[in-house]
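S.K.: Encoded as structure tokens, here's the structure I'll be asking about.
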Amino acid sequence: MILARRAGPTRTIDAGDLAIAFDEHGPAHGDAVLLLHGWPDDASTWDDVAPSVAGAGYRVLVPTLRGFGATRFRNGASPRTGNSGIHAIDMMALMDALGIERFSVAGHDWGSNIAEALAVGWPDRVERITMLSTPPRLGGMPTPTFEQAQLYWYHWFMATPRGEQAVRADPHGFAHIHWENWAPADWFDEATFRRVARSFDNPDWIDVTLHSYRSRWENAAPDPRSEWLETKIKATATLSLPTLFIKGDVDGVTRQESFATVPKKFDGPFEMVGLPGVGHFPTREAPAKVADLLIHFLNGDRP
């Protein structure tokens, strides 16, 4: 695998199915930390966190996931899938391409479940995980309560032909309503959203998005190459590696009751931290607090 280009701070490297765009911060020989963004967001969600983590001596890697931004499929015939397992396989291909054997990972939203999948699939390589906002899927995903399902309306919307048609017609509008609904009023400015939404102009964003949500509720099969990992996640009741879980106390898409079972999924060192007044996007809403928590966790000071 060779570096394809460098444009400003962003590099692109061939890794598995993808030419993955990523940013790198910190010393080249520092302990590696992988920071994974979620949906509907992009890698810039870590812009106010990554420099602080790098300043603490870590080699920080911030990739753009398949279907987002400048990351591209290398083969037109590759399936535009988006289940967590195939994203985890992408990230292992990235770490292999960079020659990184062991690393820690922090993930927000989609990235939270990718971090969990990495820990399940490659326990000898993942040292610590930090999950933000989205609960683990260990042991499989039970049908949510009616109250939680109401907040997941967009999952079911995308499972229908008319929902797919609407998302394809206005992807930016579809993403924007979640930014409005998932965190306290006026938490973002429109200029920031417009910058992030350019990442959704990736030609594969809609297909990857649709498959991600359809596959998690078995309305679509996972990418066949990741079936082994998805099966292993469902069969894994708990994880033992050190884990930090960060949530917003006023998250607009995940009910606080839905976080109650999270500690039961971890039988090793574990801490869950709630951030008062913060919604679903803590890396954007409270980046200094997230950076501080993450650095202390990586240093072994917590949990």
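All residue names refer to the structure tokens as shown: chains lettered A, B, ... in order, residues numbered from 1 in each chain, ligands numbered from 1 in order.
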I'd like the neighbourhood of stretch 193-204 of chain A as a count of residues only, where a residue qualifies if any of its atoms comes within 9 Å (using only C-alpha atoms), though same-chain residues fewer than 5 positions away should be ignored.

M.R.: 22

S.K.: Find the residues near stretch 114-126 of chain A: any atom within 7 Å, counting only C-alpha atoms, skip ones fewer than 6 places away on the same chain, and give them as JSON, numbers by chain.

M.R.: {"A": [84, 85, 87, 88, 101, 102, 103, 104, 105, 106, 107, 136, 229, 233]}

S.K.: What parts of stretch 124-296 of chain A does DSSP call helix (DSSP H, G or I)? I'd like the answer as a PyMOL selection string.

M.R.: chain A and resi 146-151+153-158+161-169+171-181+190-201+205-216+224-235+256-259+262-265+282-285+287-296

S.K.: Using only C-alpha atoms for the distances, tell me which of A:Thr231, A:Ser212, A:Ser240, A:Thr10 is nearest to A:Gly82.

M.R.: A:Ser212

S.K.: Restricting the calculation to only C-alpha atoms: of A:Asn83, A:Thr283, A:Thr243, A:Thr238, which residue gets closest to A:Lys265?

M.R.: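 The shortest atom-to-atom distance to A:Lys265 comes from A:Thr238.
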
S.K.: Pick out the residues sitting within 10 Å of A:Ser52, and hand them over as a list in words; count only C-alpha atoms, and ignore anything fewer than 2 positions along from it in its own chain.

M.R.: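 After dropping sequence-adjacent residues, the list is His25, Gly26, Asp47, Asp48, Val49, Ala50, Ala54, Gly55, Ala56, Gly57, Tyr58, Val60, Pro287, Ala288, Ala291, Asp292, Leu294 and Ile295 of chain A.
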
S.K.: Take the selection from the previous step and output its residues with N, CA and C atoms, as a short mmCIF file (atom, residue, chain, number, x, y, z; two decimals), in the first residue's frame.

M.R.:
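Listing of part04.cif after writing:
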```cif
data_model
loop_
_atom_site.label_atom_id
_atom_site.label_comp_id
_atom_site.auth_asym_id
_atom_site.auth_seq_id
_atom_site.Cartn_x
_atom_site.Cartn_y
_atom_site.Cartn_z
N HIS A 25 -2.05 13.60 13.33
CA HIS A 25 -1.53 14.59 14.27
C HIS A 25 -0.58 13.91 15.24
N GLY A 26 0.36 14.68 15.75
CA GLY A 26 1.20 14.18 16.82
C GLY A 26 2.44 13.45 16.34
N ASP A 47 -11.96 18.00 15.06
CA ASP A 47 -10.98 19.09 14.85
C ASP A 47 -10.56 19.77 16.14
N ASP A 48 -11.46 19.87 17.12
CA ASP A 48 -11.12 20.55 18.37
C ASP A 48 -10.76 19.57 19.48
N VAL A 49 -10.61 18.29 19.12
CA VAL A 49 -10.21 17.26 20.08
C VAL A 49 -8.83 16.70 19.72
N ALA A 50 -8.64 16.37 18.44
CA ALA A 50 -7.42 15.69 18.01
C ALA A 50 -6.13 16.44 18.37
N ALA A 54 -3.09 14.77 20.50
CA ALA A 54 -1.74 14.71 19.92
C ALA A 54 -0.74 15.44 20.81
N GLY A 55 -1.15 16.56 21.39
CA GLY A 55 -0.27 17.32 22.27
C GLY A 55 0.11 16.56 23.53
N ALA A 56 -0.70 15.54 23.86
CA ALA A 56 -0.37 14.69 25.01
C ALA A 56 0.59 13.56 24.64
N GLY A 57 1.05 13.58 23.37
CA GLY A 57 2.08 12.62 22.96
C GLY A 57 1.60 11.46 22.12
N TYR A 58 0.34 11.47 21.73
CA TYR A 58 -0.22 10.36 20.96
C TYR A 58 -0.16 10.63 19.46
N VAL A 60 -2.23 10.52 16.45
CA VAL A 60 -3.68 10.55 16.27
C VAL A 60 -4.02 10.45 14.79
N PRO A 287 -15.94 19.91 23.08
CA PRO A 287 -14.69 19.27 22.67
C PRO A 287 -13.60 19.30 23.74
N ALA A 288 -13.51 20.37 24.51
CA ALA A 288 -12.47 20.45 25.54
C ALA A 288 -12.69 19.38 26.61
N ALA A 291 -11.84 15.96 25.05
CA ALA A 291 -10.39 15.79 24.96
C ALA A 291 -9.78 15.47 26.31
N ASP A 292 -10.21 16.18 27.34
CA ASP A 292 -9.69 15.93 28.69
C ASP A 292 -10.01 14.52 29.16
N LEU A 294 -10.67 11.91 27.31
CA LEU A 294 -9.98 10.95 26.47
C LEU A 294 -8.50 10.85 26.83
N ILE A 295 -7.86 11.97 27.07
CA ILE A 295 -6.44 11.95 27.42
C ILE A 295 -6.21 11.22 28.74
#
```

S.K.: Using only C-alpha atoms, find the one residue out of A:Gly248, A:Pro161, A:Gly268, A:Pro63 that sits nearest to A:Arg284.

M.R.: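 With only C-alpha atoms as the atom set, the closest residue is A:Gly248.
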
S.K.: Looking at only C-alpha atoms, which of A:Met141, A:Ile20, A:Met131, A:Ala166 is the one that sits closest to A:Ala235?

M.R.: A:Met141

S.K.: Out of A:Lys232, A:Lys289, A:Asp223, A:Ala260, which residue has the shortest atom-to-atom distance to A:Asp90 when counting only C-alpha atoms?

M.R.: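 The answer is A:Asp223, which sits nearest to A:Asp90.
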
S.K.: Taking into account only C-alpha atoms, which residue in the set A:Ile246, A:Val62, A:Ala15, A:Ala191 is nearest to A:His280?

M.R.: A:Ile246

S.K.: Just to confirm, what's the straight-line distance from atom CA of A:Asp249 to atom CA of A:Trp182 in Å (one decimal)?

M.R.: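 Result for atom CA of A:Asp249 versus atom CA of A:Trp182: 11.4 Å, one decimal.
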
S.K.: Can you measure atom CA of A:Gly38 to atom CA of A:Gly76 for me? One decimal in Å is fine.

M.R.: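 Result for atom CA of A:Gly38 versus atom CA of A:Gly76: 24.1 Å, one decimal.
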
S.K.: Could you name the residues that touch A:Arg74 at 10 Å or less, counting only C-alpha atoms, but leaving out those on the same chain fewer than 5 positions away, as a PyMOL selection string?

M.R.: chain A and resi 14-20
